[in-house]
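Asker: Structure supplied as work-v2.cif; contents: mmCIF, C-alpha atoms (C1' of nucleotides).
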data_coords
#
loop_
_atom_site.label_atom_id
_atom_site.label_comp_id
_atom_site.auth_asym_id
_atom_site.auth_seq_id
_atom_site.Cartn_x
_atom_site.Cartn_y
_atom_site.Cartn_z
CA MET A 14 -43.97 3.70 -39.71
CA PRO A 15 -43.84 6.72 -41.99
CA LEU A 16 -44.68 9.98 -40.21
CA ASP A 17 -47.82 11.82 -41.17
CA GLU A 18 -48.32 15.56 -40.89
CA ILE A 19 -49.72 15.28 -37.34
CA ASP A 20 -46.67 13.34 -36.14
CA LYS A 21 -44.45 15.99 -37.65
CA LYS A 22 -46.33 18.80 -35.96
CA ILE A 23 -45.98 17.04 -32.61
CA LEU A 24 -42.25 16.47 -33.16
CA ARG A 25 -41.70 20.09 -34.16
CA LEU A 26 -43.36 21.24 -30.96
CA LEU A 27 -41.54 18.78 -28.70
CA GLN A 28 -38.19 19.69 -30.24
CA GLU A 29 -38.83 23.28 -29.19
CA ASP A 30 -39.96 22.50 -25.68
CA ALA A 31 -40.02 19.10 -24.02
CA HIS A 32 -42.24 20.56 -21.30
CA TYR A 33 -45.23 21.29 -23.50
CA THR A 34 -48.13 19.43 -21.94
CA LEU A 35 -50.30 17.09 -23.95
CA LYS A 36 -53.02 19.71 -23.63
CA ASP A 37 -50.72 22.39 -25.03
CA ILE A 38 -49.97 20.21 -28.01
CA ALA A 39 -53.55 19.05 -28.42
CA ASN A 40 -54.72 22.66 -28.52
CA LYS A 41 -52.06 23.76 -30.97
CA ILE A 42 -52.92 21.05 -33.46
CA ASN A 43 -56.67 20.84 -32.77
CA LEU A 44 -56.90 17.33 -31.39
CA SER A 45 -57.97 15.72 -28.13
CA LEU A 46 -55.55 14.36 -25.58
CA THR A 47 -55.91 10.72 -26.62
CA PRO A 48 -54.39 10.81 -30.10
CA VAL A 49 -51.62 13.12 -28.96
CA HIS A 50 -50.78 10.81 -26.08
CA ASP A 51 -50.90 7.70 -28.27
CA ARG A 52 -48.73 9.27 -30.94
CA VAL A 53 -46.09 10.50 -28.52
CA LYS A 54 -45.90 7.04 -26.95
CA ARG A 55 -45.55 5.49 -30.40
CA LEU A 56 -42.84 7.95 -31.40
CA GLU A 57 -40.97 7.10 -28.21
CA LYS A 58 -41.36 3.37 -28.74
CA ASP A 59 -40.17 3.62 -32.34
CA GLY A 60 -37.13 5.59 -31.23
CA ILE A 61 -37.98 8.64 -33.34
CA ILE A 62 -37.99 10.44 -30.01
CA GLU A 63 -34.61 9.56 -28.52
CA LYS A 64 -34.78 11.37 -25.22
CA TYR A 65 -35.77 14.46 -23.33
CA VAL A 66 -32.89 16.57 -22.05
CA THR A 67 -32.26 19.81 -20.23
CA LEU A 68 -29.97 22.37 -21.84
CA LEU A 69 -27.87 24.45 -19.48
CA ASP A 70 -26.15 27.79 -20.00
CA LYS A 71 -22.52 26.84 -20.50
CA LYS A 72 -21.18 30.30 -19.71
CA LYS A 73 -23.12 30.54 -16.47
CA LEU A 74 -21.53 27.22 -15.56
CA GLY A 75 -18.12 28.76 -16.19
CA ASN A 76 -17.42 27.17 -19.57
CA ASN A 77 -16.28 30.18 -21.54
CA LEU A 78 -14.21 28.49 -24.19
CA THR A 79 -15.27 26.30 -27.09
CA VAL A 80 -12.76 24.81 -29.49
CA TYR A 81 -12.65 22.36 -32.34
CA CYS A 82 -9.79 19.89 -32.31
CA GLN A 83 -8.76 18.34 -35.59
CA VAL A 84 -6.99 15.15 -34.62
CA THR A 85 -4.77 12.94 -36.73
CA LEU A 86 -4.03 9.41 -35.53
CA THR A 87 -0.70 7.65 -35.68
CA LYS A 88 -2.21 4.84 -37.75
CA GLN A 89 -5.48 4.43 -39.63
CA THR A 90 -6.12 0.94 -38.33
CA TYR A 91 -9.28 -0.37 -36.68
CA ASP A 92 -7.57 -0.98 -33.34
CA THR A 93 -6.13 2.51 -33.24
CA SER A 94 -9.51 4.04 -34.02
CA GLU A 95 -11.31 1.94 -31.44
CA GLY A 96 -8.78 2.76 -28.77
CA PHE A 97 -9.12 6.45 -29.47
CA ASN A 98 -12.94 6.26 -29.52
CA GLN A 99 -13.04 4.61 -26.11
CA SER A 100 -10.77 7.20 -24.57
CA ILE A 101 -12.88 10.03 -25.95
CA LEU A 102 -16.08 8.64 -24.43
CA ASN A 103 -14.53 9.13 -21.01
CA LEU A 104 -13.64 12.77 -21.53
CA PRO A 105 -16.57 14.94 -20.42
CA GLU A 106 -15.12 18.10 -22.03
CA VAL A 107 -15.55 16.44 -25.43
CA VAL A 108 -19.17 16.99 -26.39
CA GLU A 109 -18.81 15.89 -30.01
CA CYS A 110 -16.45 13.52 -31.71
CA ASN A 111 -16.74 12.50 -35.32
CA TYR A 112 -14.54 10.40 -37.57
CA VAL A 113 -14.16 12.42 -40.74
CA SER A 114 -12.76 12.59 -44.24
CA GLY A 115 -10.00 14.97 -45.26
CA ASN A 116 -6.58 16.00 -44.03
CA PHE A 117 -7.18 14.76 -40.49
CA ASP A 118 -9.07 11.87 -38.93
CA TYR A 119 -11.33 13.25 -36.21
CA MET A 120 -13.21 16.45 -35.56
CA LEU A 121 -13.83 17.09 -31.86
CA LYS A 122 -15.78 19.81 -30.15
CA ILE A 123 -14.57 20.76 -26.70
CA ILE A 124 -16.37 22.88 -24.11
CA ILE A 125 -14.15 24.01 -21.30
CA PRO A 126 -13.75 26.89 -18.79
CA ASP A 127 -10.83 28.84 -20.24
CA MET A 128 -7.53 28.77 -22.07
CA GLU A 129 -5.67 27.43 -19.08
CA SER A 130 -8.04 24.47 -18.81
CA TYR A 131 -7.65 23.90 -22.51
CA HIS A 132 -3.91 23.91 -22.20
CA HIS A 133 -4.21 21.26 -19.51
CA PHE A 134 -6.71 19.24 -21.54
CA HIS A 135 -4.52 19.40 -24.64
CA GLN A 136 -1.30 18.48 -22.89
CA LYS A 137 -2.49 16.03 -20.26
CA LYS A 138 -5.56 14.40 -21.71
CA LEU A 139 -5.57 14.51 -25.49
CA SER A 140 -1.99 14.57 -26.74
CA VAL A 141 -1.03 11.88 -24.26
CA LEU A 142 -3.34 9.34 -25.89
CA PRO A 143 -1.13 6.79 -27.64
CA GLU A 144 -3.25 6.90 -30.81
CA VAL A 145 -2.91 10.66 -31.27
CA SER A 146 -0.29 11.95 -33.63
CA LEU A 147 -1.36 15.52 -34.43
CA ILE A 148 -3.78 18.07 -33.01
CA ASN A 149 -4.84 21.22 -34.78
CA THR A 150 -6.93 23.57 -32.66
CA VAL A 151 -9.57 25.91 -34.04
CA PHE A 152 -10.81 28.39 -31.46
CA VAL A 153 -14.40 29.57 -31.41
CA ILE A 154 -14.44 33.35 -31.21
CA SER A 155 -18.20 33.80 -31.29
CA GLU A 156 -21.19 31.47 -31.39
CA VAL A 157 -23.65 32.36 -34.14
CA LYS A 158 -26.04 29.42 -33.96
CA SER A 159 -26.45 26.28 -31.92
CA THR A 160 -29.62 24.23 -32.05
CA THR A 161 -30.86 20.73 -31.33
CA VAL A 162 -33.77 21.22 -33.71
CA LEU A 163 -33.67 19.04 -36.80
CA PRO A 164 -35.59 20.01 -39.92
CA ILE A 165 -38.68 17.83 -40.31
CA MET B 1 -25.80 32.64 -7.03
CA PRO B 2 -23.00 30.05 -6.77
CA LEU B 3 -24.22 26.49 -7.12
CA ASP B 4 -23.96 24.16 -4.15
CA GLU B 5 -23.58 20.41 -4.36
CA ILE B 6 -27.35 19.84 -4.29
CA ASP B 7 -27.90 22.19 -7.23
CA LYS B 8 -25.22 20.36 -9.14
CA LYS B 9 -26.79 16.98 -8.46
CA ILE B 10 -30.14 18.25 -9.70
CA LEU B 11 -28.56 19.69 -12.83
CA ARG B 12 -26.69 16.49 -13.57
CA LEU B 13 -29.93 14.52 -13.34
CA LEU B 14 -31.95 16.95 -15.44
CA GLN B 15 -29.28 17.04 -18.12
CA GLU B 16 -29.67 13.28 -18.45
CA ASP B 17 -33.44 13.25 -18.54
CA ALA B 18 -35.73 16.25 -18.55
CA HIS B 19 -38.64 13.94 -17.70
CA TYR B 20 -37.40 12.92 -14.28
CA THR B 21 -40.18 13.88 -11.87
CA LEU B 22 -39.52 15.96 -8.79
CA LYS B 23 -40.12 12.79 -6.82
CA ASP B 24 -37.51 10.92 -8.86
CA ILE B 25 -34.98 13.63 -8.15
CA ALA B 26 -35.99 14.02 -4.52
CA ASN B 27 -35.51 10.29 -3.98
CA LYS B 28 -32.16 10.17 -5.74
CA ILE B 29 -30.73 12.98 -3.64
CA ASN B 30 -32.59 12.25 -0.40
CA LEU B 31 -34.68 15.38 -0.11
CA SER B 32 -38.37 16.19 -0.03
CA LEU B 33 -40.27 17.67 -2.96
CA THR B 34 -40.21 21.25 -1.69
CA PRO B 35 -36.50 22.02 -1.88
CA VAL B 36 -36.17 20.23 -5.21
CA HIS B 37 -39.05 22.22 -6.63
CA ASP B 38 -37.73 25.51 -5.26
CA ARG B 39 -34.23 24.88 -6.54
CA VAL B 40 -35.35 23.92 -10.03
CA LYS B 41 -37.49 27.06 -10.24
CA ARG B 42 -34.54 29.16 -9.10
CA LEU B 43 -32.22 27.51 -11.62
CA GLU B 44 -34.75 28.27 -14.35
CA LYS B 45 -35.18 31.87 -13.24
CA ASP B 46 -31.43 32.42 -13.08
CA GLY B 47 -31.07 31.01 -16.58
CA ILE B 48 -28.74 28.21 -15.52
CA ILE B 49 -31.42 25.97 -16.97
CA GLU B 50 -31.91 27.32 -20.48
CA LYS B 51 -34.62 25.03 -21.78
CA TYR B 52 -36.02 21.55 -22.01
CA VAL B 53 -35.84 19.96 -25.42
CA THR B 54 -36.60 16.70 -27.15
CA LEU B 55 -33.83 14.97 -29.09
CA LEU B 56 -34.89 13.07 -32.18
CA ASP B 57 -33.13 10.29 -34.08
CA LYS B 58 -31.73 12.08 -37.11
CA LYS B 59 -31.28 8.92 -39.16
CA LYS B 60 -34.83 7.75 -38.55
CA LEU B 61 -35.91 11.14 -39.83
CA GLY B 62 -33.90 10.51 -42.98
CA ASN B 63 -30.90 12.70 -42.19
CA ASN B 64 -28.06 10.35 -43.01
CA LEU B 65 -25.33 12.85 -43.72
CA THR B 66 -23.47 15.18 -41.39
CA VAL B 67 -20.79 17.53 -42.63
CA TYR B 68 -18.65 20.34 -41.35
CA CYS B 69 -18.30 23.34 -43.63
CA GLN B 70 -15.29 25.56 -43.20
CA VAL B 71 -16.30 28.86 -44.69
CA THR B 72 -14.13 31.82 -45.67
CA LEU B 73 -15.78 35.18 -46.24
CA THR B 74 -14.97 37.63 -49.01
CA LYS B 75 -14.17 40.34 -46.47
CA GLN B 76 -13.55 40.32 -42.73
CA THR B 77 -15.72 43.36 -42.04
CA TYR B 78 -18.52 43.68 -39.52
CA ASP B 79 -21.19 44.11 -42.19
CA THR B 80 -20.05 41.05 -44.08
CA SER B 81 -20.08 38.94 -40.91
CA GLU B 82 -23.50 40.19 -39.85
CA GLY B 83 -24.97 39.54 -43.25
CA PHE B 84 -23.63 36.01 -43.23
CA ASN B 85 -24.83 35.38 -39.67
CA GLN B 86 -28.37 36.43 -40.52
CA SER B 87 -28.50 34.17 -43.56
CA ILE B 88 -27.28 31.22 -41.53
CA LEU B 89 -29.99 31.63 -38.91
CA ASN B 90 -32.57 30.97 -41.62
CA LEU B 91 -31.00 27.72 -42.82
CA PRO B 92 -32.50 24.82 -40.83
CA GLU B 93 -29.87 22.34 -42.07
CA VAL B 94 -27.22 24.38 -40.22
CA VAL B 95 -27.37 23.20 -36.63
CA GLU B 96 -24.15 24.89 -35.51
CA CYS B 97 -22.34 27.95 -36.74
CA ASN B 98 -19.30 29.43 -35.04
CA TYR B 99 -17.01 32.27 -35.97
CA VAL B 100 -13.51 30.88 -35.50
CA SER B 101 -9.81 31.56 -35.58
CA GLY B 102 -7.47 30.00 -38.13
CA ASN B 103 -7.33 29.58 -41.89
CA PHE B 104 -11.04 30.07 -42.39
CA ASP B 105 -13.70 32.24 -40.77
CA TYR B 106 -16.63 30.00 -39.84
CA MET B 107 -17.12 26.42 -38.82
CA LEU B 108 -20.59 25.09 -39.65
CA LYS B 109 -22.20 21.78 -38.86
CA ILE B 110 -24.81 20.61 -41.35
CA ILE B 111 -27.30 17.78 -40.91
CA ILE B 112 -28.96 16.74 -44.13
CA PRO B 113 -30.53 13.68 -45.81
CA ASP B 114 -27.85 12.65 -48.29
CA MET B 115 -25.11 13.72 -50.68
CA GLU B 116 -27.59 14.95 -53.25
CA SER B 117 -29.23 17.23 -50.70
CA TYR B 118 -25.80 18.43 -49.68
CA HIS B 119 -24.91 19.19 -53.25
CA HIS B 120 -28.05 21.28 -53.51
CA PHE B 121 -27.42 22.98 -50.18
CA HIS B 122 -23.82 23.77 -51.14
CA GLN B 123 -24.62 25.12 -54.59
CA LYS B 124 -27.96 26.80 -54.07
CA LYS B 125 -27.95 27.92 -50.44
CA LEU B 126 -24.43 28.40 -49.13
CA SER B 127 -22.12 29.30 -52.01
CA VAL B 128 -24.70 31.74 -53.37
CA LEU B 129 -24.47 33.93 -50.28
CA PRO B 130 -22.71 37.14 -51.32
CA GLU B 131 -20.44 37.06 -48.25
CA VAL B 132 -19.08 33.57 -48.97
CA SER B 133 -15.78 33.26 -50.76
CA LEU B 134 -14.62 29.70 -50.02
CA ILE B 135 -16.15 26.51 -48.67
CA ASN B 136 -14.17 23.50 -47.54
CA THR B 137 -16.28 20.46 -46.72
CA VAL B 138 -15.33 17.85 -44.14
CA PHE B 139 -17.57 14.80 -44.28
CA VAL B 140 -18.50 12.87 -41.17
CA ILE B 141 -17.87 9.19 -41.77
CA SER B 142 -18.91 7.94 -38.34
CA GLU B 143 -20.26 9.56 -35.19
CA VAL B 144 -18.30 8.58 -32.09
CA LYS B 145 -19.86 10.87 -29.51
CA SER B 146 -22.55 13.51 -29.37
CA THR B 147 -23.90 14.82 -26.10
CA THR B 148 -25.71 17.81 -24.67
CA VAL B 149 -24.34 17.07 -21.22
CA LEU B 150 -21.92 19.64 -19.88
CA PRO B 151 -19.45 18.76 -17.15
CA ILE B 152 -20.53 20.26 -13.83
"C1'" DT C 13 -25.99 37.13 24.22
"C1'" DA C 14 -30.63 37.80 22.74
"C1'" DC C 15 -33.48 38.88 19.05
"C1'" DT C 16 -34.95 39.19 14.36
"C1'" DT C 17 -34.76 37.89 9.66
"C1'" DT C 18 -33.75 34.85 6.18
"C1'" DT C 19 -33.08 30.47 4.17
"C1'" DA C 20 -33.81 25.60 3.66
"C1'" DC C 21 -36.61 22.14 4.42
"C1'" DA C 22 -40.84 18.71 5.48
"C1'" DG C 23 -45.55 17.49 5.01
"C1'" DA C 24 -50.13 18.22 3.42
"C1'" DA C 25 -53.63 20.26 0.35
"C1'" DA C 26 -54.90 21.86 -4.10
"C1'" DA C 27 -54.40 22.22 -8.96
"C1'" DA C 28 -52.78 20.55 -13.16
"C1'" DT C 29 -51.22 16.81 -15.96
"C1'" DA C 30 -50.58 12.07 -17.60
"C1'" DT C 31 -52.58 7.70 -18.06
"C1'" DT C 32 -56.17 4.45 -18.56
"C1'" DC C 33 -60.74 3.06 -19.85
"C1'" DT C 34 -65.01 3.08 -22.66
"C1'" DG C 35 -67.13 3.86 -26.69
"C1'" DT C 36 -67.79 6.07 -31.39
"C1'" DT C 37 -66.45 7.14 -36.03
"C1'" DT C 38 -63.67 6.44 -39.81
"C1'" DT C 39 -60.84 3.76 -42.72
"C1'" DA C 40 -59.12 -0.35 -44.73
"C1'" DA C 41 -59.48 -5.14 -45.80
"C1'" DT C 42 -61.85 -9.29 -46.83
"C1'" DA D 15 -71.81 -5.90 -47.30
"C1'" DT D 16 -69.25 -7.34 -43.34
"C1'" DT D 17 -65.51 -7.48 -40.42
"C1'" DA D 18 -61.34 -5.79 -38.53
"C1'" DA D 19 -58.31 -2.25 -37.47
"C1'" DA D 20 -57.07 2.73 -36.61
"C1'" DA D 21 -57.91 7.12 -35.05
"C1'" DC D 22 -60.24 9.72 -32.19
"C1'" DA D 23 -63.36 11.98 -28.18
"C1'" DG D 24 -64.72 12.15 -23.49
"C1'" DA D 25 -64.62 10.64 -18.85
"C1'" DA D 26 -62.38 8.40 -14.82
"C1'" DT D 27 -58.22 7.53 -12.42
"C1'" DA D 28 -53.50 8.01 -11.10
"C1'" DT D 29 -49.59 10.78 -10.92
"C1'" DT D 30 -47.22 15.00 -10.80
"C1'" DT D 31 -46.69 19.81 -10.05
"C1'" DT D 32 -47.76 23.70 -7.49
"C1'" DT D 33 -49.17 26.05 -3.50
"C1'" DC D 34 -49.78 26.49 1.39
"C1'" DT D 35 -48.53 25.97 6.31
"C1'" DG D 36 -45.27 25.34 9.57
"C1'" DT D 37 -40.57 24.08 11.65
"C1'" DA D 38 -35.63 24.12 12.16
"C1'" DA D 39 -31.31 25.92 11.04
"C1'" DA D 40 -28.37 29.69 9.66
"C1'" DA D 41 -27.18 34.48 9.20
"C1'" DG D 42 -27.47 39.09 10.46
"C1'" DT D 43 -28.23 42.90 14.04
"C1'" DA D 44 -28.51 45.34 18.29
#
Once more with this new file: its structure as structure tokens, please.

Answerer:
Amino acid sequence: MPLDEIDKKILRLLQEDAHYTLKDIANKINLSLTPVHDRVKRLEKDGIIEKYVTLLDKKKLGNNLTVYCQVTLTKQTYDTSEGFNQSILNLPEVVECNYVSGNFDYMLKIIIPDMESYHHFHQKKLSVLPEVSLINTVFVISEVKSTTVLPI
Amino acid sequence: MPLDEIDKKILRLLQEDAHYTLKDIANKINLSLTPVHDRVKRLEKDGIIEKYVTLLDKKKLGNNLTVYCQVTLTKQTYDTSEGFNQSILNLPEVVECNYVSGNFDYMLKIIIPDMESYHHFHQKKLSVLPEVSLINTVFVISEVKSTTVLPI
DNA sequence: TACTTTTACAGAAAAATATTCTGTTTTAAT
DNA sequence: ATTAAAACAGAATATTTTTCTGTAAAAGTA
């Protein structure tokens, strides 16, 4: 179960580019196809590899605004939390939602076309949720870093 | 350049799973291989498709703590910002970094093994940066949603 | 309208890749 | 020592991607 150095090398490569071929990987780490294939399959089976996804250019898709919403609930009960969680899962603009410590309850990340869309989202989709008491918006002015690569 | 409905269907599928074959996609949208292939290549060339990546299970890799750092700089000058940005790019624990509006300057997302590692990161890597004046930490207690899928 | 060009598509052939199979070497366990 | 289990290499097969050829539809031009 613990990852050896070869597993880690494979994972580092696949994190970078899910379209590396087994041959690419085999060459880069000086192995034949077989062990690379077997290891990738094992890493998938064990759930170390969660999935392969395609990342799109959000701006080219017209999503020019990113904001963080700091949300406070009306009550800190289980039912309130669960209700809020379920609603969030159905909002495609919300790409991240975490229950957090501190002066508010949830930190959300929203990706959306522009300020007008955000206004609509804020007024018609988020603040209308019965569990929501307070929303504090933090606007992203400029993206410095955004990666799916985890340190291994 | 504008995306038609077929492009959008392809993008929606590829966002879900970068390992769908052309045949998979062709079947799902009732087309032959050729147009699917041509469209994917065009979407790649136009940069709508940025890259294909592999998502790993952060907890199975031992990263059990996620935190947001709200960072205030010593000065709001260009040089200070640029210096900070460059430092951040070299910190693998920082998976997101955005320059933001509000009571602080930057919102960071950190993925790290545990509180001890965070303590070390905070004291030895972040607060030591000459541009950093203040750090406010928001701890993630529970992850509700995290997706790379953009609404199309 | 008639003609040309371009675009989008289907089907088949070729090339590249993933998967499976066979067997060898190494390592660990008894 | 002997056996069993892992890790690997190489080859065969299956699948997928890429390229090629050709057709139909759409758009542009005279």

Asker: If we count all atoms listed in the file, what is near Cys69 (chain B) at a cut-off of 8 Å, once residues fewer than 6 positions away on the same chain are taken out, given as JSON, numbers by chain?

Answerer: {"B": [106, 107, 108, 109, 110, 135, 136, 137, 138]}

Asker: Determine the residue set returned by the PyMOL selection byres ((chain A) within 8 of (chain D)) for the present structure, and present it as number ranges by chain.

Answerer: A: 45, 47-48

Asker: Calculated over all atoms listed in the file, which of the candidates C:DA30, C:DT36, C:DT18, C:DA41 has the smallest distance to chain A?

Answerer: C:DA30

Asker: Apply the PyMOL selection byres ((chain A) within 8 of (chain B)) to the displayed file and report the matching residues as a ChimeraX atom specification.

Answerer: /A:27-32,60-71,73-74,98,101-102,105-106,108-115,124,151-165

Asker: With the file shown as input, list the residues that the PyMOL selection byres ((chain C) within 12 of (chain A)) selects, as a PyMOL selection string.

Answerer: chain C and resi 28-33

Asker: How would the residues just picked look written out with C-alpha atoms (C1' of nucleotides) as a short mmCIF file (atom, residue, chain, number, x, y, z; two decimals), keeping the file's coordinate frame?

Answerer:
data_model
loop_
_atom_site.label_atom_id
_atom_site.label_comp_id
_atom_site.auth_asym_id
_atom_site.auth_seq_id
_atom_site.Cartn_x
_atom_site.Cartn_y
_atom_site.Cartn_z
"C1'" DA C 28 -52.78 20.55 -13.16
"C1'" DT C 29 -51.22 16.81 -15.96
"C1'" DA C 30 -50.58 12.07 -17.60
"C1'" DT C 31 -52.58 7.70 -18.06
"C1'" DT C 32 -56.17 4.45 -18.56
"C1'" DC C 33 -60.74 3.06 -19.85
#

Asker: Could you check how far CA of Met128 (chain A) sits from CA of Ser140 (chain A), in Å to one decimal?

Answerer: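 Result for CA of Met128 (chain A) versus CA of Ser140 (chain A): 15.9 Å, one decimal.
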
Asker: Find the residues around Ile29 (chain B) up to 10 Å (all atoms listed in the file counted), leave out those fewer than 3 positions away in its own chain, and share them as a PyMOL selection string.

Answerer: chain B and resi 6+9-10+13+23-26+32+36

Asker: Kindly provide, as lines of an AutoDock Vina configuration file, the centre and edge lengths (Å, one decimal) of an axis-aligned box around all atoms of region 28-41 of chain D given in the file, with 8 Å on each side.

Answerer:
center_x = -40.3
center_y = 21.2
center_z = 0.5
size_x = 42.3
size_y = 42.5
size_z = 39.3

Asker: One number please: CA of Asp20 (chain A) to CA of Arg52 (chain A), in Å, one decimal.

Answerer: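 Interatomic distance, CA of Asp20 (chain A) to CA of Arg52 (chain A): 6.9 Å.
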
Asker: Using only C-alpha atoms, which of B:Leu31, B:Leu65, B:Val132, B:Val71 sits nearest Tyr118 (chain B)?

Answerer: B:Leu65

Asker: Expressed in Å to a single decimal, how great is the separation between CA of Lys8 (chain B) and CA of Val40 (chain B)?

Answerer: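 CA of Val40 (chain B) lies at a distance of 10.8 Å from CA of Lys8 (chain B).
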
Asker: Save region 18-30 of chain C from what I just supplied, as an mmCIF file, in the first residue's frame, atoms limited to N, CA and C atoms (P, O5', C5', C4', C3', O3' and C1' of nucleotides).

Answerer:
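Okay, this is what ended up in decode.cif:
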data_model
loop_
_atom_site.group_PDB
_atom_site.id
_atom_site.type_symbol
_atom_site.label_atom_id
_atom_site.label_comp_id
_atom_site.auth_asym_id
_atom_site.auth_seq_id
_atom_site.Cartn_x
_atom_site.Cartn_y
_atom_site.Cartn_z
ATOM 1 P P DT C 18 -11.274 27.868 -50.384
ATOM 2 O "O5'" DT C 18 -12.262 27.514 -49.177
ATOM 3 C "C5'" DT C 18 -13.211 28.500 -48.745
ATOM 4 C "C4'" DT C 18 -14.210 27.862 -47.796
ATOM 5 C "C3'" DT C 18 -13.564 27.019 -46.685
ATOM 6 O "O3'" DT C 18 -13.959 27.551 -45.437
ATOM 7 C "C1'" DT C 18 -15.375 25.866 -47.701
ATOM 8 P P DT C 19 -13.311 27.037 -44.084
ATOM 9 O "O5'" DT C 19 -14.453 26.084 -43.508
ATOM 10 C "C5'" DT C 19 -15.807 26.549 -43.483
ATOM 11 C "C4'" DT C 19 -16.736 25.388 -43.189
ATOM 12 C "C3'" DT C 19 -16.236 24.458 -42.076
ATOM 13 O "O3'" DT C 19 -17.189 24.469 -41.026
ATOM 14 C "C1'" DT C 19 -17.011 23.228 -43.956
ATOM 15 P P DA C 20 -16.985 23.558 -39.736
ATOM 16 O "O5'" DA C 20 -17.812 22.249 -40.098
ATOM 17 C "C5'" DA C 20 -19.196 22.360 -40.398
ATOM 18 C "C4'" DA C 20 -19.747 20.961 -40.619
ATOM 19 C "C3'" DA C 20 -19.270 19.955 -39.566
ATOM 20 O "O3'" DA C 20 -20.385 19.238 -39.053
ATOM 21 C "C1'" DA C 20 -18.790 19.160 -41.753
ATOM 22 P P DC C 21 -20.164 18.151 -37.945
ATOM 23 O "O5'" DC C 21 -20.071 16.799 -38.772
ATOM 24 C "C5'" DC C 21 -21.201 16.374 -39.509
ATOM 25 C "C4'" DC C 21 -20.804 15.337 -40.530
ATOM 26 C "C3'" DC C 21 -20.344 14.002 -39.965
ATOM 27 O "O3'" DC C 21 -21.448 13.125 -39.852
ATOM 28 C "C1'" DC C 21 -19.158 14.666 -41.952
ATOM 29 P P DA C 22 -21.280 11.729 -39.089
ATOM 30 O "O5'" DA C 22 -20.793 10.739 -40.246
ATOM 31 C "C5'" DA C 22 -21.635 10.511 -41.369
ATOM 32 C "C4'" DA C 22 -20.983 9.524 -42.316
ATOM 33 C "C3'" DA C 22 -20.513 8.232 -41.647
ATOM 34 O "O3'" DA C 22 -21.064 7.127 -42.341
ATOM 35 C "C1'" DA C 22 -18.734 9.220 -42.915
ATOM 36 P P DG C 23 -20.889 5.622 -41.795
ATOM 37 O "O5'" DG C 23 -19.587 5.084 -42.544
ATOM 38 C "C5'" DG C 23 -19.527 5.186 -43.958
ATOM 39 C "C4'" DG C 23 -18.171 4.711 -44.433
ATOM 40 C "C3'" DG C 23 -17.623 3.499 -43.672
ATOM 41 O "O3'" DG C 23 -17.162 2.540 -44.610
ATOM 42 C "C1'" DG C 23 -16.013 5.239 -43.693
ATOM 43 P P DA C 24 -16.527 1.130 -44.149
ATOM 44 O "O5'" DA C 24 -14.994 1.269 -44.552
ATOM 45 C "C5'" DA C 24 -14.673 1.764 -45.851
ATOM 46 C "C4'" DA C 24 -13.177 2.006 -45.939
ATOM 47 C "C3'" DA C 24 -12.326 0.866 -45.374
ATOM 48 O "O3'" DA C 24 -11.208 0.657 -46.219
ATOM 49 C "C1'" DA C 24 -11.753 2.884 -44.305
ATOM 50 P P DA C 25 -10.230 -0.572 -45.978
ATOM 51 O "O5'" DA C 25 -8.811 0.126 -45.743
ATOM 52 C "C5'" DA C 25 -8.391 1.159 -46.642
ATOM 53 C "C4'" DA C 25 -7.144 1.822 -46.087
ATOM 54 C "C3'" DA C 25 -6.094 0.855 -45.567
ATOM 55 O "O3'" DA C 25 -4.812 1.280 -46.008
ATOM 56 C "C1'" DA C 25 -6.710 2.366 -43.838
ATOM 57 P P DA C 26 -3.480 0.467 -45.648
ATOM 58 O "O5'" DA C 26 -2.805 1.343 -44.509
ATOM 59 C "C5'" DA C 26 -2.566 2.730 -44.751
ATOM 60 C "C4'" DA C 26 -2.058 3.386 -43.486
ATOM 61 C "C3'" DA C 26 -0.909 2.640 -42.811
ATOM 62 O "O3'" DA C 26 0.152 3.567 -42.622
ATOM 63 C "C1'" DA C 26 -2.638 3.109 -41.242
ATOM 64 P P DA C 27 1.549 3.094 -41.928
ATOM 65 O "O5'" DA C 27 1.408 3.702 -40.469
ATOM 66 C "C5'" DA C 27 1.097 5.091 -40.319
ATOM 67 C "C4'" DA C 27 0.872 5.376 -38.851
ATOM 68 C "C3'" DA C 27 1.988 4.871 -37.935
ATOM 69 O "O3'" DA C 27 2.417 5.953 -37.134
ATOM 70 C "C1'" DA C 27 -0.140 4.145 -37.153
ATOM 71 P P DA C 28 3.602 5.781 -36.054
ATOM 72 O "O5'" DA C 28 2.817 5.718 -34.670
ATOM 73 C "C5'" DA C 28 1.883 6.737 -34.373
ATOM 74 C "C4'" DA C 28 1.075 6.337 -33.156
ATOM 75 C "C3'" DA C 28 1.912 5.925 -31.946
ATOM 76 O "O3'" DA C 28 1.516 6.725 -30.849
ATOM 77 C "C1'" DA C 28 0.198 4.342 -32.364
ATOM 78 P P DT C 29 2.219 6.564 -29.451
ATOM 79 O "O5'" DT C 29 1.149 5.710 -28.643
ATOM 80 C "C5'" DT C 29 -0.189 6.184 -28.528
ATOM 81 C "C4'" DT C 29 -1.036 5.140 -27.841
ATOM 82 C "C3'" DT C 29 -0.439 4.614 -26.535
ATOM 83 O "O3'" DT C 29 -1.295 4.991 -25.474
ATOM 84 C "C1'" DT C 29 -1.264 2.847 -27.906
ATOM 85 P P DA C 30 -1.081 4.397 -23.990
ATOM 86 O "O5'" DA C 30 -2.050 3.135 -23.958
ATOM 87 C "C5'" DA C 30 -3.430 3.339 -24.182
ATOM 88 C "C4'" DA C 30 -4.191 2.030 -24.022
ATOM 89 C "C3'" DA C 30 -4.063 1.364 -22.653
ATOM 90 O "O3'" DA C 30 -5.343 0.839 -22.327
ATOM 91 C "C1'" DA C 30 -3.269 -0.109 -24.332
#
